[in-house]
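**Student:** Below is the structure I would like to discuss, written out as structure tokens.
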Amino acid sequence: MTTCNFCGLAYVEDDADDRKIHADEHKKIANDVLPYKVRELIKAYDFAVAHNDG
Ligand SMILES: [Zn+2]
């Protein structure tokens with residue numbers, strides 16, 4: 001089991017289905033459908049900016 005540092009998905013490198021799921025995940029990211037964790041990070045960042053600016 002490997003956890004991807006980019007999308008955070010845990011997948012089995014030797015499993016073709018898992019590799020496909022993982023590849024699809026990266027395609028989604030490429031199409032700007034961000035994974036939940038990244039969206040949360042962006043939300044937290046926007047919140048910090050909104051509350052520290054002005
Ligand atoms: Zn990945």
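Each chain in the structure tokens gets a letter, A, B and so on, in the order shown; residues start at 1 in every chain, and ligands are counted from 1 in the order they appear.
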List every residue of chain A that has an atom at most 10 Å from any atom of ligand 1, giving for each one its closest atom pair and the distance in Å to one decimal, counting only C-alpha atoms and all ligand atoms, sorted by chain and then by ascending residue number, as a Markdown table.
**Tutor:**
| residue | atom | partner | partner_atom_place_in_ligand_line | distance |
| --- | --- | --- | --- | --- |
| A:Thr2 | CA | ligand 1 | 1 (Zn) | 9.5 |
| A:Thr3 | CA | ligand 1 | 1 (Zn) | 7.6 |
| A:Cys4 | CA | ligand 1 | 1 (Zn) | 4.4 |
| A:Asn5 | CA | ligand 1 | 1 (Zn) | 6.5 |
| A:Phe6 | CA | ligand 1 | 1 (Zn) | 4.9 |
| A:Cys7 | CA | ligand 1 | 1 (Zn) | 4.2 |
| A:Gly8 | CA | ligand 1 | 1 (Zn) | 6.1 |
| A:Leu9 | CA | ligand 1 | 1 (Zn) | 5.8 |
| A:Ala10 | CA | ligand 1 | 1 (Zn) | 8.2 |
| A:Tyr11 | CA | ligand 1 | 1 (Zn) | 8.7 |
| A:Arg19 | CA | ligand 1 | 1 (Zn) | 9.4 |
| A:Ile21 | CA | ligand 1 | 1 (Zn) | 9.4 |
| A:His22 | CA | ligand 1 | 1 (Zn) | 5.8 |
| A:Ala23 | CA | ligand 1 | 1 (Zn) | 7.1 |
| A:Asp24 | CA | ligand 1 | 1 (Zn) | 9.1 |
| A:Glu25 | CA | ligand 1 | 1 (Zn) | 6.7 |
| A:His26 | CA | ligand 1 | 1 (Zn) | 5.8 |
| A:Lys27 | CA | ligand 1 | 1 (Zn) | 9.6 |
| A:Ile29 | CA | ligand 1 | 1 (Zn) | 9.2 |
**Student:** Could you take the residues named above and write them with N, CA and C atoms, as a PDB file, in the first residue's frame?
**Tutor:**
ATOM      1  N   THR A   2       0.616   2.136  -0.896  1.00  0.00           N
ATOM      2  CA  THR A   2       1.365   3.382  -1.008  1.00  0.00           C
ATOM      3  C   THR A   2       0.390   4.534  -0.884  1.00  0.00           C
ATOM      4  N   THR A   3       0.787   5.578  -0.207  1.00  0.00           N
ATOM      5  CA  THR A   3      -0.031   6.789  -0.163  1.00  0.00           C
ATOM      6  C   THR A   3       0.638   7.846  -1.024  1.00  0.00           C
ATOM      7  N   CYS A   4      -0.096   8.353  -1.976  1.00  0.00           N
ATOM      8  CA  CYS A   4       0.447   9.338  -2.892  1.00  0.00           C
ATOM      9  C   CYS A   4       0.599  10.691  -2.190  1.00  0.00           C
ATOM     10  N   ASN A   5       1.755  11.287  -2.338  1.00  0.00           N
ATOM     11  CA  ASN A   5       1.990  12.589  -1.716  1.00  0.00           C
ATOM     12  C   ASN A   5       1.228  13.696  -2.431  1.00  0.00           C
ATOM     13  N   PHE A   6       0.847  13.439  -3.652  1.00  0.00           N
ATOM     14  CA  PHE A   6       0.177  14.472  -4.440  1.00  0.00           C
ATOM     15  C   PHE A   6      -1.318  14.528  -4.152  1.00  0.00           C
ATOM     16  N   CYS A   7      -2.000  13.383  -4.276  1.00  0.00           N
ATOM     17  CA  CYS A   7      -3.446  13.392  -4.112  1.00  0.00           C
ATOM     18  C   CYS A   7      -3.885  12.805  -2.773  1.00  0.00           C
ATOM     19  N   GLY A   8      -2.937  12.159  -2.031  1.00  0.00           N
ATOM     20  CA  GLY A   8      -3.265  11.618  -0.721  1.00  0.00           C
ATOM     21  C   GLY A   8      -4.001  10.295  -0.781  1.00  0.00           C
ATOM     22  N   LEU A   9      -4.173   9.753  -1.991  1.00  0.00           N
ATOM     23  CA  LEU A   9      -4.880   8.487  -2.148  1.00  0.00           C
ATOM     24  C   LEU A   9      -3.965   7.324  -1.762  1.00  0.00           C
ATOM     25  N   ALA A  10      -4.496   6.393  -0.981  1.00  0.00           N
ATOM     26  CA  ALA A  10      -3.758   5.165  -0.663  1.00  0.00           C
ATOM     27  C   ALA A  10      -4.130   4.120  -1.701  1.00  0.00           C
ATOM     28  N   TYR A  11      -3.120   3.525  -2.340  1.00  0.00           N
ATOM     29  CA  TYR A  11      -3.382   2.558  -3.401  1.00  0.00           C
ATOM     30  C   TYR A  11      -2.312   1.479  -3.410  1.00  0.00           C
ATOM     31  N   ARG A  19      -4.290   1.153  -9.588  1.00  0.00           N
ATOM     32  CA  ARG A  19      -3.518   2.100 -10.403  1.00  0.00           C
ATOM     33  C   ARG A  19      -4.455   2.921 -11.281  1.00  0.00           C
ATOM     34  N   ILE A  21      -7.675   3.620 -10.624  1.00  0.00           N
ATOM     35  CA  ILE A  21      -8.380   4.552  -9.730  1.00  0.00           C
ATOM     36  C   ILE A  21      -7.476   5.742  -9.429  1.00  0.00           C
ATOM     37  N   HIS A  22      -6.206   5.442  -9.169  1.00  0.00           N
ATOM     38  CA  HIS A  22      -5.254   6.500  -8.845  1.00  0.00           C
ATOM     39  C   HIS A  22      -5.038   7.426 -10.042  1.00  0.00           C
ATOM     40  N   ALA A  23      -4.897   6.832 -11.221  1.00  0.00           N
ATOM     41  CA  ALA A  23      -4.712   7.644 -12.427  1.00  0.00           C
ATOM     42  C   ALA A  23      -5.937   8.530 -12.655  1.00  0.00           C
ATOM     43  N   ASP A  24      -7.122   7.957 -12.419  1.00  0.00           N
ATOM     44  CA  ASP A  24      -8.347   8.737 -12.568  1.00  0.00           C
ATOM     45  C   ASP A  24      -8.369   9.903 -11.585  1.00  0.00           C
ATOM     46  N   GLU A  25      -7.861   9.658 -10.373  1.00  0.00           N
ATOM     47  CA  GLU A  25      -7.826  10.707  -9.356  1.00  0.00           C
ATOM     48  C   GLU A  25      -6.967  11.878  -9.848  1.00  0.00           C
ATOM     49  N   HIS A  26      -5.822  11.545 -10.444  1.00  0.00           N
ATOM     50  CA  HIS A  26      -4.956  12.613 -10.944  1.00  0.00           C
ATOM     51  C   HIS A  26      -5.593  13.334 -12.116  1.00  0.00           C
ATOM     52  N   LYS A  27      -6.358  12.595 -12.937  1.00  0.00           N
ATOM     53  CA  LYS A  27      -7.065  13.241 -14.045  1.00  0.00           C
ATOM     54  C   LYS A  27      -8.090  14.226 -13.507  1.00  0.00           C
ATOM     55  N   ILE A  29      -7.935  15.798 -10.678  1.00  0.00           N
ATOM     56  CA  ILE A  29      -7.191  16.954 -10.184  1.00  0.00           C
ATOM     57  C   ILE A  29      -6.787  17.842 -11.349  1.00  0.00           C
TER      58      ILE A  29
END
**Student:** Write out as a VMD selection string the set of residues from region 1-53 of chain A that DSSP, computed on the backbone, places in helix (DSSP H, G or I).
**Tutor:** chain A and resid 16 to 30 36 to 52
**Student:** Quick check, in Å to one decimal: how far apart do CA of Tyr36 (chain A) and CA of Ala48 (chain A) lie?
**Tutor:**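 Pair CA of Tyr36 (chain A) / CA of Ala48 (chain A) returns 18.4 Å.
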**Student:** Go ahead and compute the interatomic distance for CA of Asp18 (chain A) and CA of Val38 (chain A), in Å to one decimal.
**Tutor:**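 CA of Asp18 (chain A) sits 20.8 Å away from CA of Val38 (chain A).
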**Student:** Could you pull out the strand (DSSP E) residues of chain A from DSSP and send them as JSON, numbers by chain?
**Tutor:** {"A": [2, 3, 10, 11]}
